[in-house]
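Enquirer: mmCIF, C-alpha atoms, file coords.cif:
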data_work
#
loop_
_atom_site.label_atom_id
_atom_site.label_comp_id
_atom_site.auth_asym_id
_atom_site.auth_seq_id
_atom_site.Cartn_x
_atom_site.Cartn_y
_atom_site.Cartn_z
CA MET A 1 30.22 7.94 -49.39
CA ARG A 2 30.14 4.61 -51.17
CA ASP A 3 27.09 3.87 -53.31
CA ARG A 4 24.87 1.32 -51.69
CA ILE A 5 23.50 -1.58 -53.75
CA LEU A 6 20.68 -4.00 -52.91
CA ILE A 7 20.66 -7.46 -54.49
CA ILE A 8 17.69 -9.80 -54.59
CA ASP A 9 18.07 -13.29 -56.03
CA ASP A 10 16.91 -16.72 -54.92
CA ASP A 11 20.21 -18.35 -55.83
CA ASP A 12 22.52 -18.04 -52.81
CA GLN A 13 25.63 -18.75 -54.87
CA LEU A 14 24.82 -15.99 -57.33
CA VAL A 15 24.07 -13.57 -54.49
CA ASP A 16 27.41 -14.37 -52.90
CA ALA A 17 29.23 -13.93 -56.23
CA TYR A 18 27.48 -10.61 -57.00
CA THR A 19 28.11 -9.37 -53.47
CA GLU A 20 31.79 -10.23 -53.47
CA TYR A 21 32.36 -8.75 -56.92
CA LEU A 22 30.50 -5.49 -56.30
CA SER A 23 32.10 -5.09 -52.89
CA GLN A 24 35.50 -5.39 -54.52
CA ARG A 25 34.43 -2.68 -56.95
CA GLY A 26 33.87 -0.38 -53.99
CA PHE A 27 30.14 -0.64 -53.45
CA GLN A 28 28.43 -1.27 -50.15
CA VAL A 29 26.24 -4.28 -50.82
CA ASP A 30 23.20 -5.67 -49.02
CA CYS A 31 21.05 -8.58 -50.07
CA ALA A 32 17.48 -9.58 -49.28
CA GLN A 33 15.60 -12.83 -49.57
CA GLU A 34 12.09 -11.64 -48.91
CA LEU A 35 9.93 -8.84 -50.24
CA GLU A 36 9.39 -7.51 -46.70
CA GLU A 37 13.10 -7.61 -45.97
CA ALA A 38 13.80 -5.67 -49.16
CA GLN A 39 11.03 -3.19 -48.37
CA THR A 40 12.46 -2.57 -44.91
CA LEU A 41 15.99 -2.05 -46.20
CA LEU A 42 14.68 0.28 -48.91
CA ALA A 43 12.85 2.30 -46.26
CA TYR A 44 15.98 2.90 -44.20
CA PHE A 45 18.96 3.04 -46.54
CA PRO A 46 19.62 5.29 -49.55
CA TYR A 47 20.32 2.69 -52.22
CA SER A 48 21.66 3.85 -55.55
CA VAL A 49 20.87 0.70 -57.48
CA VAL A 50 18.73 -2.38 -56.91
CA VAL A 51 19.64 -5.56 -58.78
CA THR A 52 16.85 -8.11 -58.85
CA ASP A 53 16.17 -11.36 -60.60
CA LEU A 54 12.81 -11.35 -62.37
CA ARG A 55 11.79 -14.83 -61.27
CA LEU A 56 12.22 -15.43 -57.58
CA SER A 57 10.21 -18.61 -57.32
CA LYS A 58 11.97 -19.82 -54.18
CA LEU A 59 11.29 -16.52 -52.46
CA GLY A 60 7.55 -16.33 -53.08
CA PHE A 61 7.51 -13.04 -54.94
CA GLY A 62 8.76 -11.63 -58.22
CA GLY A 63 11.20 -8.96 -59.27
CA LEU A 64 8.27 -7.05 -60.75
CA ASP A 65 6.72 -6.73 -57.27
CA LEU A 66 9.87 -5.02 -56.14
CA VAL A 67 10.00 -2.72 -59.16
CA LYS A 68 6.40 -1.68 -58.49
CA HIS A 69 7.10 -1.10 -54.81
CA ILE A 70 10.10 1.13 -55.52
CA ARG A 71 8.21 3.19 -58.06
CA GLU A 72 5.08 3.45 -55.88
CA GLN A 73 7.27 4.81 -53.11
CA SER A 74 8.88 7.26 -55.58
CA LEU A 75 12.32 6.18 -54.42
CA PRO A 76 15.16 7.69 -56.48
CA ILE A 77 16.71 4.31 -57.17
CA ARG A 78 17.84 2.80 -60.46
CA ILE A 79 16.74 -0.79 -61.05
CA ILE A 80 18.46 -3.57 -62.96
CA VAL A 81 16.35 -6.64 -63.73
CA ILE A 82 18.08 -9.91 -64.50
CA THR A 83 16.07 -12.36 -66.56
CA ALA A 84 16.55 -15.55 -68.51
CA TYR A 85 14.15 -14.25 -71.13
CA GLY A 86 14.82 -11.74 -73.81
CA TRP A 87 11.31 -11.13 -75.03
CA PRO A 88 10.83 -7.56 -76.22
CA GLU A 89 7.32 -7.54 -74.75
CA LEU A 90 8.70 -8.41 -71.34
CA LYS A 91 11.32 -5.69 -71.49
CA SER A 92 8.69 -3.25 -72.58
CA GLU A 93 6.43 -4.20 -69.67
CA LEU A 94 9.30 -3.92 -67.18
CA SER A 95 10.27 -0.53 -68.59
CA VAL A 96 6.72 0.70 -68.21
CA GLN A 97 6.78 -0.44 -64.59
CA GLY A 98 10.00 1.45 -64.01
CA ALA A 99 13.00 -0.84 -64.56
CA ASP A 100 16.03 1.00 -65.89
CA ALA A 101 18.17 -1.78 -67.34
CA PHE A 102 18.08 -5.48 -68.15
CA LEU A 103 20.69 -8.19 -68.08
CA ARG A 104 20.18 -11.56 -69.73
CA LYS A 105 21.21 -14.67 -67.85
CA PRO A 106 23.84 -15.95 -67.52
CA VAL A 107 25.25 -12.63 -66.37
CA ARG A 108 28.98 -12.06 -66.47
CA LEU A 109 30.22 -10.28 -63.38
CA ALA A 110 32.04 -7.64 -65.43
CA GLU A 111 28.80 -6.95 -67.29
CA LEU A 112 26.93 -6.55 -63.99
CA GLY A 113 29.63 -4.27 -62.61
CA GLU A 114 29.51 -2.08 -65.70
CA ALA A 115 25.71 -1.76 -65.55
CA VAL A 116 25.77 -0.91 -61.84
CA CYS A 117 28.54 1.67 -62.33
CA ASP A 118 26.64 3.29 -65.21
CA LEU A 119 23.41 3.57 -63.25
CA ALA A 120 24.99 4.57 -59.95
CA GLY A 121 26.83 7.35 -61.78
CA ALA A 122 23.67 8.42 -63.58
CA ARG A 123 21.54 8.55 -60.45
CA ALA A 124 19.72 11.81 -60.18
CA MET B 1 18.41 -20.97 -49.18
CA LYS B 2 19.66 -19.15 -46.14
CA ARG B 3 17.65 -19.26 -42.93
CA PRO B 4 14.56 -17.04 -43.24
CA LEU B 5 15.02 -13.83 -41.31
CA LEU B 6 11.85 -14.29 -39.31
CA ASP B 7 13.04 -17.67 -38.01
CA THR B 8 16.16 -15.93 -36.76
CA PHE B 9 14.13 -13.32 -34.89
CA ARG B 10 11.92 -16.00 -33.37
CA ASP B 11 15.01 -17.43 -31.73
CA PRO B 12 15.62 -15.53 -28.47
CA ARG B 13 19.29 -16.55 -28.54
CA LYS B 14 19.78 -14.44 -31.67
CA LEU B 15 18.50 -11.31 -29.95
CA SER B 16 20.44 -9.18 -27.54
CA VAL B 17 19.14 -6.80 -24.91
CA ARG B 18 20.21 -3.34 -23.79
CA PHE B 19 18.76 -1.42 -20.87
CA GLN B 20 18.07 2.28 -20.66
CA PRO B 21 17.47 3.65 -17.16
CA ILE B 22 14.38 5.69 -16.37
CA PHE B 23 15.34 8.15 -13.65
CA HIS B 24 13.12 9.48 -10.91
CA ILE B 25 14.34 13.01 -10.37
CA LYS B 26 12.93 15.39 -7.84
CA GLU B 27 14.26 18.18 -5.75
CA GLY B 28 16.61 16.60 -3.31
CA GLY B 29 17.73 13.59 -5.28
CA SER B 30 17.60 11.16 -8.13
CA ARG B 31 17.45 7.40 -8.44
CA VAL B 32 16.98 4.75 -11.10
CA ASP B 33 13.25 4.07 -11.13
CA SER B 34 13.31 1.27 -13.68
CA LEU B 35 15.02 -0.01 -16.81
CA GLU B 36 13.50 -0.20 -20.26
CA ALA B 37 14.65 -3.38 -21.98
CA LEU B 38 15.54 -2.63 -25.60
CA ILE B 39 15.95 -5.42 -28.12
CA ARG B 40 18.69 -5.53 -30.73
CA GLY B 41 18.76 -7.94 -33.66
CA PRO B 42 21.65 -10.19 -34.64
CA LEU B 43 24.97 -8.45 -34.10
CA GLY B 44 26.74 -7.20 -37.20
CA THR B 45 23.62 -7.24 -39.39
CA ASN B 46 21.44 -4.40 -40.62
CA PHE B 47 18.75 -5.76 -38.32
CA GLU B 48 20.81 -5.15 -35.22
CA ARG B 49 18.99 -1.82 -35.31
CA ALA B 50 15.67 -2.13 -33.51
CA ASP B 51 13.84 0.20 -35.90
CA LEU B 52 14.69 -2.02 -38.87
CA LEU B 53 14.04 -5.21 -36.96
CA PHE B 54 10.54 -4.19 -35.93
CA ASP B 55 9.72 -2.55 -39.25
CA TYR B 56 10.38 -5.93 -40.87
CA VAL B 57 8.44 -7.79 -38.18
CA ARG B 58 5.41 -5.54 -38.69
CA ARG B 59 5.58 -5.96 -42.47
CA LYS B 60 5.56 -9.73 -41.87
CA LYS B 61 2.66 -9.27 -39.41
CA ALA B 62 4.68 -11.38 -36.99
CA GLU B 63 4.50 -9.11 -33.96
CA THR B 64 3.07 -11.79 -31.67
CA ALA B 65 5.75 -14.40 -32.34
CA VAL B 66 8.61 -11.93 -32.12
CA ASP B 67 7.20 -10.19 -29.02
CA GLN B 68 7.23 -13.59 -27.32
CA SER B 69 10.80 -14.18 -28.45
CA CYS B 70 11.77 -10.77 -27.05
CA VAL B 71 10.13 -11.54 -23.70
CA VAL B 72 12.18 -14.73 -23.40
CA ALA B 73 15.39 -12.93 -24.42
CA ILE B 74 14.76 -10.24 -21.80
CA PHE B 75 13.87 -12.71 -19.05
CA ASP B 76 17.08 -14.60 -19.76
CA ALA B 77 19.11 -11.37 -19.75
CA ILE B 78 17.77 -10.04 -16.47
CA SER B 79 18.77 -13.12 -14.54
CA ASN B 80 21.99 -11.12 -14.03
CA LEU B 81 20.17 -8.04 -12.70
CA PRO B 82 19.56 -7.35 -9.02
CA SER B 83 16.01 -8.43 -8.27
CA HIS B 84 14.89 -5.03 -6.97
CA PHE B 85 15.04 -3.51 -10.46
CA ARG B 86 11.80 -2.89 -12.24
CA VAL B 87 11.94 -3.70 -15.97
CA ASN B 88 9.83 -2.33 -18.82
CA ILE B 89 9.15 -4.71 -21.71
CA ASN B 90 7.74 -3.46 -25.03
CA VAL B 91 4.75 -5.29 -26.44
CA HIS B 92 2.76 -4.44 -29.56
CA ALA B 93 -0.87 -3.57 -28.97
CA SER B 94 -1.67 -5.99 -31.77
CA THR B 95 -0.07 -8.81 -29.77
CA LEU B 96 -2.21 -7.98 -26.76
CA GLY B 97 -5.27 -7.70 -28.98
CA LYS B 98 -4.73 -10.85 -31.00
CA ASP B 99 -3.17 -13.29 -28.58
CA PRO B 100 -5.43 -13.98 -25.60
CA SER B 101 -2.78 -16.31 -24.16
CA PHE B 102 -0.06 -13.65 -24.02
CA ALA B 103 -0.58 -12.96 -20.30
CA ASP B 104 -0.32 -16.69 -19.56
CA PHE B 105 2.80 -16.92 -21.69
CA PHE B 106 4.36 -13.99 -19.85
CA ARG B 107 3.50 -15.43 -16.44
CA THR B 108 4.70 -18.95 -17.31
CA GLU B 109 8.04 -17.76 -18.68
CA ALA B 110 8.61 -15.53 -15.65
CA GLN B 111 7.75 -18.32 -13.22
CA LYS B 112 10.12 -20.71 -15.01
CA ARG B 113 12.92 -18.31 -14.04
CA SER B 114 11.54 -17.42 -10.60
CA LEU B 115 11.07 -13.80 -11.65
CA ALA B 116 8.53 -11.83 -9.61
CA LEU B 117 5.83 -10.51 -11.92
CA ASP B 118 5.32 -7.30 -10.00
CA ARG B 119 8.70 -5.99 -11.11
CA PHE B 120 7.54 -5.74 -14.72
CA THR B 121 5.81 -3.08 -16.75
CA ALA B 122 4.33 -3.99 -20.13
CA GLU B 123 5.00 -1.03 -22.38
CA ILE B 124 2.41 -0.93 -25.13
CA VAL B 125 3.66 0.17 -28.52
CA GLU B 126 1.05 0.76 -31.17
CA HIS B 127 1.71 0.89 -34.87
CA SER B 128 -1.49 -0.58 -36.18
CA PRO B 129 -4.49 1.59 -36.95
CA THR B 130 -6.96 -1.01 -35.79
CA TYR B 131 -7.01 -3.29 -32.84
CA ASN B 132 -9.49 -5.50 -31.13
CA VAL B 133 -10.39 -3.38 -28.13
CA PRO B 134 -12.19 -6.04 -26.03
CA ALA B 135 -9.35 -8.53 -26.56
CA LEU B 136 -6.74 -5.87 -25.82
CA LEU B 137 -8.47 -4.87 -22.59
CA TYR B 138 -8.90 -8.49 -21.58
CA THR B 139 -5.16 -9.14 -21.93
CA ILE B 140 -4.28 -5.92 -20.11
CA ARG B 141 -6.59 -6.96 -17.25
CA ARG B 142 -4.91 -10.37 -17.08
CA LEU B 143 -1.48 -8.76 -16.96
CA ARG B 144 -2.60 -6.37 -14.23
CA ASP B 145 -4.11 -9.23 -12.24
CA SER B 146 -0.62 -10.75 -12.21
CA GLY B 147 0.87 -7.57 -10.76
CA ILE B 148 2.28 -6.25 -14.03
CA ARG B 149 1.99 -2.50 -14.59
CA ILE B 150 1.03 -0.92 -17.90
CA ALA B 151 2.81 1.86 -19.78
CA LEU B 152 1.70 3.47 -23.03
CA ASP B 153 4.58 4.35 -25.34
CA ASP B 154 4.79 7.30 -27.76
CA VAL B 155 1.94 9.14 -26.07
CA GLY B 156 0.63 11.88 -28.30
CA LEU B 157 1.79 10.32 -31.56
CA GLY B 158 0.07 8.03 -34.04
CA HIS B 159 -2.30 5.62 -32.40
CA SER B 160 -1.12 6.29 -28.86
CA ASN B 161 -3.86 8.86 -28.69
CA TYR B 162 -6.52 9.84 -26.20
CA ARG B 163 -8.62 6.84 -27.08
CA MET B 164 -5.75 4.48 -26.32
CA MET B 165 -5.10 6.32 -23.07
CA LEU B 166 -8.73 5.94 -22.05
CA ASP B 167 -8.89 2.31 -23.15
CA CYS B 168 -5.61 1.19 -21.57
CA ARG B 169 -5.63 3.44 -18.47
CA PRO B 170 -1.83 3.18 -18.24
CA ASP B 171 0.16 3.53 -15.05
CA TYR B 172 2.82 5.34 -17.08
CA PHE B 173 2.28 7.77 -19.95
CA LYS B 174 5.50 7.85 -21.96
CA LEU B 175 5.56 11.25 -23.54
CA ASP B 176 7.09 11.10 -26.99
CA ALA B 177 10.29 13.02 -27.61
CA TYR B 178 8.52 15.01 -30.34
CA PHE B 179 6.70 17.00 -27.66
CA VAL B 180 9.72 17.19 -25.36
CA ARG B 181 12.31 18.57 -27.75
CA GLY B 182 12.23 22.33 -27.96
CA LEU B 183 9.75 22.47 -25.10
CA SER B 184 11.53 25.27 -23.27
CA THR B 185 11.07 27.71 -26.11
CA ASP B 186 7.75 26.52 -27.51
CA PRO B 187 4.60 27.47 -25.58
CA ASP B 188 2.43 25.24 -27.77
CA ARG B 189 4.47 22.18 -26.86
CA ARG B 190 4.29 23.14 -23.22
CA ALA B 191 0.50 23.36 -23.52
CA VAL B 192 0.35 19.82 -24.94
CA VAL B 193 2.63 18.47 -22.21
CA ARG B 194 0.69 20.29 -19.49
CA SER B 195 -2.50 18.72 -20.79
CA ILE B 196 -1.04 15.21 -20.79
CA VAL B 197 0.48 15.64 -17.32
CA SER B 198 -2.89 16.78 -16.01
CA PHE B 199 -4.71 13.97 -17.79
CA ALA B 200 -2.26 11.36 -16.44
CA LYS B 201 -2.66 12.66 -12.89
CA SER B 202 -6.43 12.57 -13.14
CA MET B 203 -6.17 8.91 -14.16
CA GLY B 204 -3.80 8.06 -11.32
CA GLY B 205 -0.81 7.61 -13.60
CA CYS B 206 2.47 9.40 -14.12
CA VAL B 207 4.30 10.81 -17.09
CA VAL B 208 7.69 9.63 -18.28
CA ALA B 209 9.34 12.25 -20.47
CA GLU B 210 11.44 10.77 -23.25
CA GLY B 211 14.21 12.37 -25.25
CA ALA B 212 15.01 15.54 -23.34
CA GLU B 213 18.03 17.10 -25.01
CA SER B 214 19.03 19.80 -22.59
CA GLN B 215 19.18 20.69 -18.95
CA GLU B 216 16.79 23.56 -19.58
CA CYS B 217 14.25 21.13 -21.00
CA LEU B 218 14.55 18.87 -17.95
CA VAL B 219 14.03 21.79 -15.63
CA THR B 220 10.98 22.97 -17.57
CA LEU B 221 9.48 19.48 -17.44
CA ALA B 222 10.18 19.18 -13.73
CA LYS B 223 8.42 22.49 -13.08
CA MET B 224 5.42 21.08 -14.95
CA GLY B 225 5.26 18.16 -12.55
CA VAL B 226 7.19 15.48 -14.47
CA GLU B 227 9.37 13.32 -12.24
CA LEU B 228 10.37 10.44 -14.51
CA PHE B 229 12.89 10.94 -17.29
CA GLN B 230 14.38 8.71 -19.96
CA ALA B 231 16.90 10.33 -22.25
CA ASN B 232 20.30 9.77 -23.80
CA LEU B 233 21.23 13.05 -22.14
CA LEU B 234 21.08 11.19 -18.85
CA CYS B 235 22.10 7.71 -19.92
CA GLY B 236 21.89 5.75 -23.15
CA ALA B 237 21.05 2.09 -23.59
CA LEU B 238 23.68 -0.09 -21.94
CA SER B 239 24.42 -3.74 -21.49
CA ILE B 240 24.15 -5.09 -17.95
CA GLU B 241 27.94 -4.89 -17.75
CA GLY B 242 27.71 -1.24 -18.79
CA LEU B 243 25.10 -0.53 -16.13
CA ARG B 244 27.26 -2.19 -13.54
CA ALA B 245 30.41 -0.35 -14.64
CA ASN B 246 28.58 2.95 -14.35
CA SER B 247 27.39 2.12 -10.86
CA LEU B 248 23.78 2.03 -11.95
CA LEU B 249 22.91 -1.30 -10.37
CA GLY B 250 23.29 -0.39 -6.72
CA ALA B 251 20.26 0.01 -4.48
CA SER B 252 20.95 3.75 -4.30
CA ALA B 253 22.02 4.23 -7.92
CA SER B 254 21.47 7.75 -9.18
CA VAL B 255 22.06 9.68 -12.36
CA PRO B 256 25.68 8.97 -13.31
CA LEU B 257 28.21 11.72 -12.85
CA THR B 258 31.26 9.83 -14.00
CA THR B 259 31.94 7.00 -16.38
CA THR B 260 34.64 4.42 -16.43
CA THR B 261 33.84 1.95 -19.15
CA THR B 262 34.08 1.58 -22.89
CA GLU B 263 30.40 2.44 -22.98
CA LYS B 264 31.02 5.76 -21.32
CA ARG B 265 30.07 7.70 -24.42
CA ASN B 266 26.50 6.59 -23.79
CA VAL B 267 26.29 8.18 -20.41
CA GLY B 268 25.43 11.82 -20.14
CA ARG B 269 26.48 14.16 -17.39
CA PHE B 270 23.89 15.50 -15.08
CA GLU B 271 24.40 18.65 -13.12
CA TYR B 272 21.41 20.35 -11.67
CA GLN B 273 22.72 21.93 -8.54
CA ASP B 274 22.89 25.35 -10.11
CA GLN B 275 19.25 25.06 -11.13
CA LYS B 276 18.34 24.44 -7.47
CA LEU B 277 16.41 21.49 -8.61
CA LEU B 278 18.07 18.17 -8.27
CA VAL B 279 20.80 16.01 -6.89
#
Please rewrite the model in this file as structure tokens.
Expert:
Amino acid sequence: MRDRILIIDDDDQLVDAYTEYLSQRGFQVDCAQELEEAQTLLAYFPYSVVVTDLRLSKLGFGGLDLVKHIREQSLPIRIIVITAYGWPELKSELSVQGADAFLRKPVRLAELGEAVCDLAGARA
Amino acid sequence: MKRPLLDTFRDPRKLSVRFQPIFHIKEGGSRVDSLEALIRGPLGTNFERADLLFDYVRRKKAETAVDQSCVVAIFDAISNLPSHFRVNINVHASTLGKDPSFADFFRTEAQKRSLALDRFTAEIVEHSPTYNVPALLYTIRRLRDSGIRIALDDVGLGHSNYRMMLDCRPDYFKLDAYFVRGLSTDPDRRAVVRSIVSFAKSMGGCVVAEGAESQECLVTLAKMGVELFQANLLCGALSIEGLRANSLLGASASVPLTTTTTEKRNVGRFEYQDQKLLV
């Protein structure tokens, strides 16, 4: 069975690019634009990896909300947070909340693919 | 930004409708009693599945708006159904409890399409732990005054409990599949079902058994006094074309014995002669 990936970003072009690239790499990819949409998908499908932008200002919630939700639900999902900031304090906070990896914007597609492959393969 | 999902679900044209027959089966014969209208989300999306669609809707607390959208989608779909068919339409208890104008909305939309109100049953689904009882009862009374019958879905589970049964006084008690599956070999389940059948009778209602998975289970239920059955074993959810192709739209339509369409995998066989029970 193909690993299933969920992408959350408020930039439609980036979502399309991530989706196309990861699909070509053999993943089954879904995307969500709202916290409730993501929560519903997470409740019904066994995702291996969630890729979320940290700031989702157009969507009305933040990547951290999603990280907290996944960890509160004890879902066995690895989480990649994409952020424009590289502050160590921020990474530390996100790690405490349960994020597994970080990518700094702008993200190269190959870099994203590598991170997703690593985490999908490492999923417990 | 793409179109918000909720806006899509508020658009009745983006929803599609399937119909699952509820069969009246008693010694000597069977017939289609009514059809439960089942909503599907946009084709080809994850939300085509009704469980995902309504999970999302409940998370958005948008039951009222989407229930209205579903009513319109169903009314539009049944314009192709023979007018003698009764149709069940699911409505959240929270919609009935929060929207005092729901009965008016239902009546207005039906009248726009010249649909007789007494062919409908409002099937109450309840997923919210709290509801405004006086408002809920007010809306139920308004629906009943229009000739609409009331069914309570998922009886025995969650919030479709004895309080809801007493409050709503449904015409139909839809027994959840949890109590039906394994009934033949489980005396405890039979005790629960017997109690609900007795309770329904004392309130002047009837039980609809959902999700029977075997002939033995159907026979056991029939012996306990159940006459209405809804199960994939008998017939799955079909489009109107599928109903027609399986000869389920005639005035004397009965449980299908043969199938001829691409949807034939949804239609179960039904052979009760050897049980001296039916058909």
Enquirer: Figure out the distance between atom CA of Glu210 of chain B and atom CA of Ala122 of chain B, please, to one decimal in Å.
Expert: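 Taking atom CA of Ala122 of chain B and atom CA of Glu210 of chain B, their separation equals 16.7 Å.
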Enquirer: If we count all atoms listed in the file and set the cut-off at 10 Å, which residues sit around Tyr18 of chain A, ignoring sequence neighbours fewer than 3 positions away in its own chain? Please answer as a VMD selection string.
Expert: chain A and resid 7 9 12 to 15 21 to 24 29 31 51 107 to 109 112 to 113
Enquirer: So that all listed atoms of segment 3-19 of chain A fit with 6 Å spare on each side, what axis-aligned box centre and edge lengths in Å, to one decimal, would you give as JSON?
Expert:
{"center_x": 23.1, "center_y": -7.4, "center_z": -54.5, "size_x": 24.3, "size_y": 34.6, "size_z": 17.6}
Enquirer: Give as a PyMOL selection string the residues that the PyMOL selection byres ((chain A) within 12 of (chain B)) matches when applied to the coordinates above.
Expert: chain A and resi 9-16+29-45+56-59
Enquirer: Mind checking which residues fall within 12 Å of Arg144 of chain B, counting all atoms listed in the file, ignoring those fewer than 2 positions away in the same chain, and posting them as a ChimeraX atom specification?
Expert: /B:103-104,106-107,117-122,137-142,146-151,168-171
Enquirer: Using the chain letters and residue numbers of this document, give as a list in words the residues selected by the PyMOL selection byres ((chain B and resi 233) around 7).
Expert: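 Checked against the file, the PyMOL selection byres ((chain B and resi 233) around 7) matches Ala212, Glu213, Ala231, Asn232, Leu234, Cys235 and Gly268 of chain B.
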Enquirer: Missing atoms in segment 104-122 of chain A: can you complete it with N, CA and C atoms, as a PDB file, in the coordinates of the input?
Expert:
ATOM      1  N   ARG A 104      20.661 -10.224 -69.374  1.00  0.00           N
ATOM      2  CA  ARG A 104      20.180 -11.560 -69.730  1.00  0.00           C
ATOM      3  C   ARG A 104      21.080 -12.595 -69.078  1.00  0.00           C
ATOM      4  N   LYS A 105      20.445 -13.592 -68.469  1.00  0.00           N
ATOM      5  CA  LYS A 105      21.210 -14.670 -67.850  1.00  0.00           C
ATOM      6  C   LYS A 105      21.854 -15.543 -68.930  1.00  0.00           C
ATOM      7  N   PRO A 106      22.987 -16.137 -68.696  1.00  0.00           N
ATOM      8  CA  PRO A 106      23.840 -15.950 -67.520  1.00  0.00           C
ATOM      9  C   PRO A 106      24.566 -14.603 -67.584  1.00  0.00           C
ATOM     10  N   VAL A 107      24.647 -13.963 -66.433  1.00  0.00           N
ATOM     11  CA  VAL A 107      25.250 -12.630 -66.370  1.00  0.00           C
ATOM     12  C   VAL A 107      26.728 -12.741 -66.023  1.00  0.00           C
ATOM     13  N   ARG A 108      27.555 -12.115 -66.824  1.00  0.00           N
ATOM     14  CA  ARG A 108      28.980 -12.060 -66.470  1.00  0.00           C
ATOM     15  C   ARG A 108      29.174 -10.976 -65.427  1.00  0.00           C
ATOM     16  N   LEU A 109      30.047 -11.225 -64.482  1.00  0.00           N
ATOM     17  CA  LEU A 109      30.220 -10.280 -63.380  1.00  0.00           C
ATOM     18  C   LEU A 109      30.675  -8.907 -63.881  1.00  0.00           C
ATOM     19  N   ALA A 110      31.562  -8.928 -64.898  1.00  0.00           N
ATOM     20  CA  ALA A 110      32.040  -7.640 -65.430  1.00  0.00           C
ATOM     21  C   ALA A 110      30.881  -6.846 -66.029  1.00  0.00           C
ATOM     22  N   GLU A 111      29.974  -7.584 -66.665  1.00  0.00           N
ATOM     23  CA  GLU A 111      28.800  -6.950 -67.290  1.00  0.00           C
ATOM     24  C   GLU A 111      27.907  -6.331 -66.206  1.00  0.00           C
ATOM     25  N   LEU A 112      27.729  -7.070 -65.109  1.00  0.00           N
ATOM     26  CA  LEU A 112      26.930  -6.550 -63.990  1.00  0.00           C
ATOM     27  C   LEU A 112      27.591  -5.296 -63.407  1.00  0.00           C
ATOM     28  N   GLY A 113      28.909  -5.396 -63.198  1.00  0.00           N
ATOM     29  CA  GLY A 113      29.630  -4.270 -62.610  1.00  0.00           C
ATOM     30  C   GLY A 113      29.515  -3.021 -63.471  1.00  0.00           C
ATOM     31  N   GLU A 114      29.609  -3.220 -64.784  1.00  0.00           N
ATOM     32  CA  GLU A 114      29.510  -2.080 -65.700  1.00  0.00           C
ATOM     33  C   GLU A 114      28.126  -1.431 -65.616  1.00  0.00           C
ATOM     34  N   ALA A 115      27.094  -2.289 -65.603  1.00  0.00           N
ATOM     35  CA  ALA A 115      25.710  -1.760 -65.550  1.00  0.00           C
ATOM     36  C   ALA A 115      25.479  -1.005 -64.244  1.00  0.00           C
ATOM     37  N   VAL A 116      25.966  -1.570 -63.144  1.00  0.00           N
ATOM     38  CA  VAL A 116      25.770  -0.910 -61.840  1.00  0.00           C
ATOM     39  C   VAL A 116      26.522   0.421 -61.819  1.00  0.00           C
ATOM     40  N   CYS A 117      27.754   0.419 -62.313  1.00  0.00           N
ATOM     41  CA  CYS A 117      28.540   1.670 -62.330  1.00  0.00           C
ATOM     42  C   CYS A 117      27.837   2.729 -63.166  1.00  0.00           C
ATOM     43  N   ASP A 118      27.328   2.331 -64.327  1.00  0.00           N
ATOM     44  CA  ASP A 118      26.640   3.290 -65.210  1.00  0.00           C
ATOM     45  C   ASP A 118      25.454   3.917 -64.502  1.00  0.00           C
ATOM     46  N   LEU A 119      24.636   3.057 -63.867  1.00  0.00           N
ATOM     47  CA  LEU A 119      23.410   3.570 -63.250  1.00  0.00           C
ATOM     48  C   LEU A 119      23.696   4.341 -61.968  1.00  0.00           C
ATOM     49  N   ALA A 120      24.663   3.858 -61.193  1.00  0.00           N
ATOM     50  CA  ALA A 120      24.990   4.570 -59.950  1.00  0.00           C
ATOM     51  C   ALA A 120      25.496   5.973 -60.298  1.00  0.00           C
ATOM     52  N   GLY A 121      26.302   6.047 -61.364  1.00  0.00           N
ATOM     53  CA  GLY A 121      26.830   7.350 -61.780  1.00  0.00           C
ATOM     54  C   GLY A 121      25.758   8.249 -62.341  1.00  0.00           C
ATOM     55  N   ALA A 122      24.726   7.632 -62.924  1.00  0.00           N
ATOM     56  CA  ALA A 122      23.670   8.420 -63.580  1.00  0.00           C
ATOM     57  C   ALA A 122      22.542   8.779 -62.648  1.00  0.00           C
TER      58      ALA A 122
END
